[in-house]
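Chemist: Before we start, here is the structure in question, set down as structure tokens.
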Amino acid sequence: MNKRTPLNLHYPDVLGQITGGPRINMEVVEVALGVYPKRAYLNQPVELVIVLQNMVNKKLQLKIAVRTPNNDPQDNIVIIEVGKPQVSFSLEAGEVGVLRMPIVGRPPTRPNKGLPVRVAIRYRVPEDAEEVRPTGGGAPPSVLSASPFKLQVLRDIEFIAHKWNESTDILTVDFGLAGKTLPVENDDLKPRYETLWAQEGLRKEIQLARAKYPEARLIARPAPTGDLYGAFVAAVEDRFARRGLPLHPGESMAIAKMMTYTVEDAPLREPDIALEQTRWFRALCQVLAANPDLTDAERNDVITREVFDSVLYDAVLVAFIVLESKVDEDLGDEAERLNYANRFMRWFAGYGDEDLTFVYLPLVLGGLSIARLVRSSDYENAWDLHDQLTEALAGRIDLSTTTGIVIFDMLESLLDSYQRMLRALRIDHPDEAEVVREASEEGDKPGPTITYAKPKDEDDSPPRTSWFVGREF
């Protein structure tokens, strides 16, 4: 890479490196809430630990308030002292930090396994704020203000889980009090804030990521064996199942085709795609900078585990490109596609109900349209994808909405084109080949061949309509 070529990176996901997963998305800020220690004695302070990650390029003004219970479930008196029940401060553009708010249980509070402490976080959304981190996670940081010891202490905290459809107005974390009272001490209960990552660190992040460009290029280079596709099939099955939407084998195969094409073929075949400007390649540079040992790791593992989300985002955009000339729907302009890709990634991060729209448009449809261009195992039959998607279509169409019907019409058309392509290439369906083989062994003429849906008449194609106009996802 020419040193003058800009390497535009997303800001690193510091919060994710601390929590290992739990996060609460509040539009322009991501939050993790925990308490340490989880159980204490009377007169022993505990800390509410709040990790805050600014997701935009503007300063945020925050107000954080703490409310403690006055009674336990048995209506016994509860006294929890809070040093300062409300704090106000600013979070600079892209900044990540941790706020510690000490509290302490006092007599005559009785032992309790779970006393709820409620936390309210309020903020103002700045005008013209732009996202600097992808929702739900991203590449790890290479530069942090905190020491490794402090980071490990944070990682040992149990942060609360929070469902996407639960309110973020009030967050609740529990802690327990044991049946022992310590001597009263002059405890410092003042809130403390510490910066973990600041915008000034981005320049160093870019330098370190740029230095890993040669290694990233080697990993990105297409493998002659075609085994990346098989690794993506397994990864797609696992990640969508964890998202709460298990896929049919045909759907997993098509999405894996699209993701493999995005990594290994699109930079060579698509004139508007430059490898160094793809999200997944930039994330790969960041991953290698943060974890140099991954340079010697298995290529397929690095791509399918470390930068899966980034590949998926790019695959959405590439799929729109490859579908442009293959469907009758207007798939929107660049701005609409970028917006859709961001909404898709937010959905994939867990913020939304199960939605087959995001599975099929554009990933499954795109994967089918470029399936024959993707290197795969020598044992794969070209008809497998056709047959599995036909089976998936039969099962999914009964559950579809009006929007889904339009997508499945597109799928039927692409399946028809795919079938005709295989016929033109004289690739026999396995069932047909078996009939011919058995007939040949018996010395008879081949039996009747299996037929598939007749291709639609080109003259009967509906006029092009806009996919984005008038539809909501």
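Labels for the structure tokens follow display order: chains A, B, ..., residues from 1 in each chain, ligands from 1.
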Against segment 29-46 of chain A, which residues of segment 161-199 of chain A fall within 7 Å? For each one I want the closest pair of atoms and the distance in Å (one decimal), counting only C-alpha atoms, rows by chain and increasing residue number, as a Markdown table.
Modeler:
```
| residue | atom | partner | partner_atom | distance |
| --- | --- | --- | --- | --- |
| A:Val173 | CA | A:Gly34 | CA | 6.5 |
| A:Phe175 | CA | A:Lys38 | CA | 5.1 |
| A:Gly176 | CA | A:Arg39 | CA | 4.5 |
| A:Leu177 | CA | A:Ala40 | CA | 5.1 |
| A:Ala178 | CA | A:Tyr41 | CA | 5.1 |
| A:Gly179 | CA | A:Tyr41 | CA | 6.8 |
| A:Lys180 | CA | A:Tyr41 | CA | 5.5 |
| A:Thr181 | CA | A:Leu42 | CA | 4.7 |
| A:Leu182 | CA | A:Asn43 | CA | 5.6 |
| A:Pro183 | CA | A:Asn43 | CA | 6.9 |
| A:Val184 | CA | A:Asn43 | CA | 5.9 |
```
Chemist: With C-alpha atoms retained, write the just-selected residues as a short mmCIF file (atom, residue, chain, number, x, y, z; two decimals), in the first residue's frame.
Modeler:
```
data_model
loop_
_atom_site.label_atom_id
_atom_site.label_comp_id
_atom_site.auth_asym_id
_atom_site.auth_seq_id
_atom_site.Cartn_x
_atom_site.Cartn_y
_atom_site.Cartn_z
CA VAL A 173 -28.02 -4.65 38.30
CA PHE A 175 -25.69 -7.36 44.25
CA GLY A 176 -25.84 -9.40 47.43
CA LEU A 177 -25.14 -8.67 51.10
CA ALA A 178 -23.78 -11.38 53.39
CA GLY A 179 -24.68 -11.78 57.05
CA LYS A 180 -21.61 -10.10 58.50
CA THR A 181 -20.88 -6.51 59.49
CA LEU A 182 -17.42 -4.99 59.10
CA PRO A 183 -16.15 -2.05 61.14
CA VAL A 184 -17.16 1.34 59.78
#
```
Chemist: Hey, what's within 7 Å of segment 199-204 of chain A if we count only C-alpha atoms and toss same-chain stuff fewer than 5 positions away? As a PyMOL selection string, please?
Modeler: chain A and resi 93-95+143
Chemist: With all heavy atoms retained, could you export that selection as a tab-separated table (two decimals), in the first residue's frame?
Modeler:
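And here's selection21.tsv as it stands now:
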```
chain	number	residue	atom	x	y	z
A	93	ALA	N	-15.49	12.71	21.35
A	93	ALA	CA	-15.78	11.96	20.13
A	93	ALA	C	-15.00	10.65	20.11
A	93	ALA	O	-13.78	10.63	20.24
A	93	ALA	CB	-15.39	12.80	18.91
A	94	GLY	N	-15.73	9.55	19.97
A	94	GLY	CA	-15.10	8.24	19.89
A	94	GLY	C	-14.49	7.72	21.17
A	94	GLY	O	-13.93	6.62	21.19
A	95	GLU	N	-14.61	8.45	22.25
A	95	GLU	CA	-13.95	8.06	23.50
A	95	GLU	C	-14.61	6.84	24.14
A	95	GLU	O	-15.82	6.63	24.03
A	95	GLU	CB	-13.98	9.23	24.48
A	95	GLU	CG	-13.27	8.96	25.81
A	95	GLU	CD	-13.31	10.14	26.76
A	95	GLU	OE1	-13.76	11.23	26.34
A	95	GLU	OE2	-12.89	9.98	27.92
A	143	VAL	N	-4.18	0.02	20.85
A	143	VAL	CA	-3.66	1.03	21.77
A	143	VAL	C	-4.71	1.33	22.83
A	143	VAL	O	-5.84	1.67	22.50
A	143	VAL	CB	-3.31	2.33	21.01
A	143	VAL	CG1	-2.76	3.37	21.97
A	143	VAL	CG2	-2.33	2.06	19.88
```
Chemist: For the structure I just gave you, how does DSSP split segment 31-231 of chain A - specifically, which residues are alpha helix (DSSP H)? Reply as a PyMOL selection string.
Modeler: chain A and resi 148-155+202-211+213-220+228-231
Chemist: Identify, on the basis of only C-alpha atoms, every residue whose closest approach to Lys326 of chain A does not exceed 10 Å; exclude the query and any residue fewer than 4 positions from it along the same chain; express the result as a ChimeraX atom specification.
Modeler: /A:321-322,365-366,369,410,413-414,417
Chemist: Would you put the residues from that selection into a file with all heavy atoms, as a PDB file, in the first residue's frame?
Modeler:
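Result file part03.pdb:
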```pdb
ATOM      1  N   ILE A 321     -24.646  -5.522  -5.982  1.00  0.00           N
ATOM      2  CA  ILE A 321     -23.987  -5.264  -7.262  1.00  0.00           C
ATOM      3  C   ILE A 321     -24.217  -6.413  -8.236  1.00  0.00           C
ATOM      4  O   ILE A 321     -24.582  -6.198  -9.401  1.00  0.00           O
ATOM      5  CB  ILE A 321     -22.480  -5.033  -7.052  1.00  0.00           C
ATOM      6  CG1 ILE A 321     -22.244  -3.734  -6.268  1.00  0.00           C
ATOM      7  CG2 ILE A 321     -21.745  -4.980  -8.391  1.00  0.00           C
ATOM      8  CD1 ILE A 321     -20.788  -3.500  -5.891  1.00  0.00           C
ATOM      9  N   VAL A 322     -24.022  -7.647  -7.779  1.00  0.00           N
ATOM     10  CA  VAL A 322     -24.139  -8.782  -8.685  1.00  0.00           C
ATOM     11  C   VAL A 322     -25.591  -9.055  -9.080  1.00  0.00           C
ATOM     12  O   VAL A 322     -25.853  -9.687 -10.110  1.00  0.00           O
ATOM     13  CB  VAL A 322     -23.502 -10.057  -8.078  1.00  0.00           C
ATOM     14  CG1 VAL A 322     -22.028  -9.826  -7.791  1.00  0.00           C
ATOM     15  CG2 VAL A 322     -24.236 -10.502  -6.815  1.00  0.00           C
ATOM     16  N   LEU A 365     -29.987 -14.551  -2.428  1.00  0.00           N
ATOM     17  CA  LEU A 365     -30.184 -14.301  -3.862  1.00  0.00           C
ATOM     18  C   LEU A 365     -28.850 -14.044  -4.557  1.00  0.00           C
ATOM     19  O   LEU A 365     -28.585 -14.563  -5.648  1.00  0.00           O
ATOM     20  CB  LEU A 365     -31.112 -13.102  -4.056  1.00  0.00           C
ATOM     21  CG  LEU A 365     -32.518 -13.211  -3.450  1.00  0.00           C
ATOM     22  CD1 LEU A 365     -33.318 -11.950  -3.738  1.00  0.00           C
ATOM     23  CD2 LEU A 365     -33.249 -14.438  -3.983  1.00  0.00           C
ATOM     24  N   GLY A 366     -28.000 -13.242  -3.937  1.00  0.00           N
ATOM     25  CA  GLY A 366     -26.695 -12.967  -4.526  1.00  0.00           C
ATOM     26  C   GLY A 366     -25.821 -14.199  -4.577  1.00  0.00           C
ATOM     27  O   GLY A 366     -25.120 -14.448  -5.558  1.00  0.00           O
ATOM     28  N   SER A 369     -26.715 -16.346  -7.461  1.00  0.00           N
ATOM     29  CA  SER A 369     -26.392 -15.778  -8.774  1.00  0.00           C
ATOM     30  C   SER A 369     -24.919 -15.922  -9.145  1.00  0.00           C
ATOM     31  O   SER A 369     -24.573 -15.921 -10.333  1.00  0.00           O
ATOM     32  CB  SER A 369     -26.799 -14.300  -8.814  1.00  0.00           C
ATOM     33  OG  SER A 369     -25.977 -13.535  -7.965  1.00  0.00           O
ATOM     34  N   MET A 410     -38.393 -13.567  -6.753  1.00  0.00           N
ATOM     35  CA  MET A 410     -37.050 -13.330  -7.275  1.00  0.00           C
ATOM     36  C   MET A 410     -36.209 -14.595  -7.189  1.00  0.00           C
ATOM     37  O   MET A 410     -35.448 -14.918  -8.107  1.00  0.00           O
ATOM     38  CB  MET A 410     -36.390 -12.179  -6.507  1.00  0.00           C
ATOM     39  CG  MET A 410     -37.078 -10.836  -6.660  1.00  0.00           C
ATOM     40  SD  MET A 410     -36.592  -9.632  -5.395  1.00  0.00           S
ATOM     41  CE  MET A 410     -34.897  -9.345  -5.824  1.00  0.00           C
ATOM     42  N   SER A 413     -37.116 -17.092  -9.910  1.00  0.00           N
ATOM     43  CA  SER A 413     -36.560 -16.684 -11.194  1.00  0.00           C
ATOM     44  C   SER A 413     -35.067 -17.017 -11.271  1.00  0.00           C
ATOM     45  O   SER A 413     -34.578 -17.510 -12.303  1.00  0.00           O
ATOM     46  CB  SER A 413     -36.780 -15.185 -11.402  1.00  0.00           C
ATOM     47  OG  SER A 413     -36.184 -14.746 -12.604  1.00  0.00           O
ATOM     48  N   LEU A 414     -34.334 -16.770 -10.196  1.00  0.00           N
ATOM     49  CA  LEU A 414     -32.902 -17.069 -10.190  1.00  0.00           C
ATOM     50  C   LEU A 414     -32.652 -18.576 -10.217  1.00  0.00           C
ATOM     51  O   LEU A 414     -31.689 -19.047 -10.839  1.00  0.00           O
ATOM     52  CB  LEU A 414     -32.251 -16.447  -8.956  1.00  0.00           C
ATOM     53  CG  LEU A 414     -32.135 -14.913  -8.954  1.00  0.00           C
ATOM     54  CD1 LEU A 414     -31.663 -14.418  -7.598  1.00  0.00           C
ATOM     55  CD2 LEU A 414     -31.179 -14.443 -10.046  1.00  0.00           C
ATOM     56  N   SER A 417     -33.025 -19.623 -13.780  1.00  0.00           N
ATOM     57  CA  SER A 417     -31.839 -19.266 -14.563  1.00  0.00           C
ATOM     58  C   SER A 417     -30.666 -20.187 -14.245  1.00  0.00           C
ATOM     59  O   SER A 417     -29.905 -20.584 -15.132  1.00  0.00           O
ATOM     60  CB  SER A 417     -31.444 -17.810 -14.294  1.00  0.00           C
ATOM     61  OG  SER A 417     -32.461 -16.917 -14.682  1.00  0.00           O
TER      62      SER A 417
END
```
Chemist: Might you pull out every residue within 12 Å of Ser147 of chain A, with only C-alpha atoms counted and same-chain residues fewer than 5 positions away left off, and present them as a CSV table (one decimal) with N, CA and C atoms, in the first residue's frame?
Modeler:
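Written output follows (part-v3.csv):
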```
chain,number,residue,atom,x,y,z
A,152,GLN,N,-7.7,-6.5,32.9
A,152,GLN,CA,-8.1,-7.9,33.3
A,152,GLN,C,-9.1,-7.8,34.5
A,153,VAL,N,-8.9,-6.8,35.3
A,153,VAL,CA,-9.9,-6.6,36.4
A,153,VAL,C,-11.3,-6.3,35.8
A,154,LEU,N,-11.3,-5.5,34.8
A,154,LEU,CA,-12.6,-5.2,34.2
A,154,LEU,C,-13.2,-6.5,33.5
A,194,GLU,N,-12.4,7.0,34.3
A,194,GLU,CA,-11.1,6.8,33.6
A,194,GLU,C,-11.2,6.5,32.1
A,195,THR,N,-10.4,7.2,31.4
A,195,THR,CA,-10.5,7.0,29.9
A,195,THR,C,-9.7,5.8,29.5
A,196,LEU,N,-10.3,4.9,28.7
A,196,LEU,CA,-9.6,3.7,28.2
A,196,LEU,C,-9.1,3.9,26.8
A,197,TRP,N,-9.8,4.6,26.0
A,197,TRP,CA,-9.3,4.9,24.6
A,197,TRP,C,-9.8,6.3,24.2
```
Chemist: Which of these residues is nearest to Val233 of chain A, using only C-alpha atoms: A:Met345, A:Ala424, A:Leu245, A:Met258?
Modeler: A:Met258
Chemist: Smallest atom-to-atom distance to Ala283 of chain A: which of A:Asp387, A:Glu130, A:Asp174, A:Glu205, using only C-alpha atoms?
Modeler: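 Closest candidate: A:Glu205.
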Chemist: Rank nothing, just name the residue among A:Lys113, A:Arg217, A:Arg423, A:Lys163 nearest to Cys285 of chain A, using only C-alpha atoms.
Modeler: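 Among the listed residues, the smallest separation from Cys285 of chain A belongs to A:Arg217.
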Chemist: Counting only C-alpha atoms, figure out which residue out of A:Asp238, A:Glu166, A:Glu215, A:Asp384 gets nearest to Arg305 of chain A.
Modeler: A:Asp238
Chemist: Using only C-alpha atoms, determine which residues lie at most 8 Å from segment 78-92 of chain A, disregarding the query and same-chain residues fewer than 2 positions distant; provide the list as an MDAnalysis selection string.
Modeler: chainID A and resid 54 58:72 76 94:96 101:110 188:191 198:199
Chemist: I'd like to know which of A:Arg426, A:Lys212, A:Lys150, A:Arg375 is closest to Met259 of chain A, using only C-alpha atoms.
Modeler: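 Looking only at the distances to Met259 of chain A, the closest residue turns out to be A:Arg375.
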Chemist: Please indicate the distance in Å from atom CA of Val51 of chain A to atom CA of Val14 of chain A, rounded to one decimal place.
Modeler: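 According to the coordinates, atom CA of Val51 of chain A and atom CA of Val14 of chain A are separated by 9.5 Å.
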Chemist: Write out as a ChimeraX atom specification all residues of segment 150-368 of chain A that DSSP puts in strand (DSSP E) for this structure's backbone.
Modeler: /A:171-181,192-197,329-330
Chemist: Show which residues sit within 12 Å of Arg396 of chain A, as a PyMOL selection string. Count only C-alpha atoms, and ignore same-chain residues fewer than 2 positions away.
Modeler: chain A and resi 247-248+250-251+355-357+359-360+389-394+398-401+404-405+407-408+411
Chemist: Now that the selection is made, can you save its residues with N, CA, C and O atoms as a CSV table (one decimal), in the first residue's frame?
Modeler:
```
chain,number,residue,atom,x,y,z
A,247,LEU,N,-30.7,-21.6,9.9
A,247,LEU,CA,-30.9,-21.6,8.5
A,247,LEU,C,-31.1,-23.0,7.9
A,247,LEU,O,-30.6,-24.0,8.5
A,248,HIS,N,-31.8,-23.1,6.8
A,248,HIS,CA,-31.8,-24.3,6.0
A,248,HIS,C,-30.5,-24.5,5.4
A,248,HIS,O,-29.8,-23.5,5.1
A,250,GLY,N,-29.6,-25.0,2.4
A,250,GLY,CA,-29.4,-24.3,1.2
A,250,GLY,C,-29.2,-22.8,1.4
A,250,GLY,O,-28.4,-22.2,0.7
A,251,GLU,N,-29.8,-22.3,2.4
A,251,GLU,CA,-29.6,-20.9,2.8
A,251,GLU,C,-28.2,-20.6,3.2
A,251,GLU,O,-27.5,-19.7,2.9
A,355,ASP,N,-36.1,-12.2,11.0
A,355,ASP,CA,-36.6,-11.6,9.7
A,355,ASP,C,-35.9,-12.3,8.5
A,355,ASP,O,-34.8,-12.1,8.3
A,356,LEU,N,-36.8,-13.1,7.8
A,356,LEU,CA,-36.2,-13.8,6.6
A,356,LEU,C,-35.8,-12.8,5.5
A,356,LEU,O,-35.0,-13.1,4.6
A,357,THR,N,-36.4,-11.6,5.5
A,357,THR,CA,-36.0,-10.6,4.5
A,357,THR,C,-34.5,-10.4,4.5
A,357,THR,O,-33.8,-10.4,3.5
A,359,VAL,N,-32.2,-12.4,5.5
A,359,VAL,CA,-31.5,-13.7,5.1
A,359,VAL,C,-31.4,-13.7,3.6
A,359,VAL,O,-30.4,-14.0,3.0
A,360,TYR,N,-32.6,-13.4,2.9
A,360,TYR,CA,-32.6,-13.7,1.5
A,360,TYR,C,-32.2,-12.5,0.7
A,360,TYR,O,-31.5,-12.6,-0.4
A,389,LEU,N,-32.0,-25.1,-2.1
A,389,LEU,CA,-32.8,-23.9,-2.0
A,389,LEU,C,-34.2,-24.1,-2.5
A,389,LEU,O,-35.1,-23.4,-2.0
A,390,THR,N,-34.4,-25.0,-3.4
A,390,THR,CA,-35.8,-25.3,-3.8
A,390,THR,C,-36.6,-25.9,-2.6
A,390,THR,O,-37.7,-25.6,-2.4
A,391,GLU,N,-35.9,-26.8,-1.8
A,391,GLU,CA,-36.5,-27.3,-0.6
A,391,GLU,C,-36.7,-26.2,0.4
A,391,GLU,O,-37.8,-26.2,1.1
A,392,ALA,N,-35.8,-25.3,0.6
A,392,ALA,CA,-35.9,-24.2,1.6
A,392,ALA,C,-37.1,-23.3,1.2
A,392,ALA,O,-37.9,-22.9,2.0
A,393,LEU,N,-37.2,-23.1,-0.1
A,393,LEU,CA,-38.3,-22.2,-0.6
A,393,LEU,C,-39.6,-22.8,-0.3
A,393,LEU,O,-40.5,-22.1,0.2
A,394,ALA,N,-39.8,-24.1,-0.5
A,394,ALA,CA,-41.0,-24.8,-0.2
A,394,ALA,C,-41.4,-24.6,1.3
A,394,ALA,O,-42.6,-24.5,1.6
A,398,ASP,N,-44.5,-20.7,3.1
A,398,ASP,CA,-45.7,-20.7,3.9
A,398,ASP,C,-45.7,-19.7,5.1
A,398,ASP,O,-46.7,-19.4,5.6
A,399,LEU,N,-44.5,-19.3,5.4
A,399,LEU,CA,-44.3,-18.4,6.5
A,399,LEU,C,-44.1,-16.9,6.1
A,399,LEU,O,-43.9,-16.0,6.9
A,400,SER,N,-44.2,-16.7,4.8
A,400,SER,CA,-43.8,-15.4,4.3
A,400,SER,C,-44.9,-14.4,4.4
A,400,SER,O,-46.1,-14.7,4.4
A,401,THR,N,-44.5,-13.1,4.4
A,401,THR,CA,-45.3,-12.0,4.3
A,401,THR,C,-45.4,-11.5,2.9
A,401,THR,O,-44.9,-12.1,2.0
A,404,GLY,N,-42.1,-10.9,1.7
A,404,GLY,CA,-41.4,-12.2,1.5
A,404,GLY,C,-41.8,-12.8,0.1
A,404,GLY,O,-41.0,-13.4,-0.5
A,405,ILE,N,-43.1,-12.6,-0.3
A,405,ILE,CA,-43.5,-13.2,-1.5
A,405,ILE,C,-42.7,-12.6,-2.7
A,405,ILE,O,-42.3,-13.3,-3.6
A,407,ILE,N,-39.7,-11.4,-2.6
A,407,ILE,CA,-38.4,-12.0,-2.6
A,407,ILE,C,-38.3,-13.4,-3.1
A,407,ILE,O,-37.5,-13.8,-3.9
A,408,PHE,N,-39.3,-14.2,-2.7
A,408,PHE,CA,-39.4,-15.6,-3.2
A,408,PHE,C,-39.7,-15.7,-4.7
A,408,PHE,O,-39.2,-16.6,-5.4
A,411,LEU,N,-36.3,-15.3,-6.1
A,411,LEU,CA,-35.6,-16.6,-5.9
A,411,LEU,C,-36.0,-17.6,-7.0
A,411,LEU,O,-35.1,-18.3,-7.5
```
Chemist: Set the distance at 12 Å and use only C-alpha atoms: which residues neighbour Pro267 of chain A once local chain neighbours fewer than 4 positions away are removed? I'd like the list as a list of chain:residue names.
Modeler: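 So, after excluding close chain neighbours, the residues are A:Arg217, A:Ala220, A:Arg221, A:Pro222, A:Thr260, A:Tyr261, A:Thr262, A:Val263, A:Pro271, A:Asp272, A:Ile273, A:Ala274, A:Leu275, A:Glu276, A:Gln277, A:Thr278, A:Trp280, A:Phe281, A:Asp314, A:Ala315, A:Val318.
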Chemist: Please measure the separation of atom CA of Val132 of chain A and atom CA of Gln17 of chain A, giving the value in Å to one decimal.
Modeler: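 Distance between the two atoms: 16.9 Å.
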Chemist: Identify which of the residues A:Glu329, A:Glu27, A:Asp75, A:Asp128 lies closest to Met55 of chain A, counting only C-alpha atoms when measuring atom-to-atom distances.
Modeler: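 Between A:Glu329, A:Glu27, A:Asp75, A:Asp128, the residue approaching Met55 of chain A most closely is A:Glu27.
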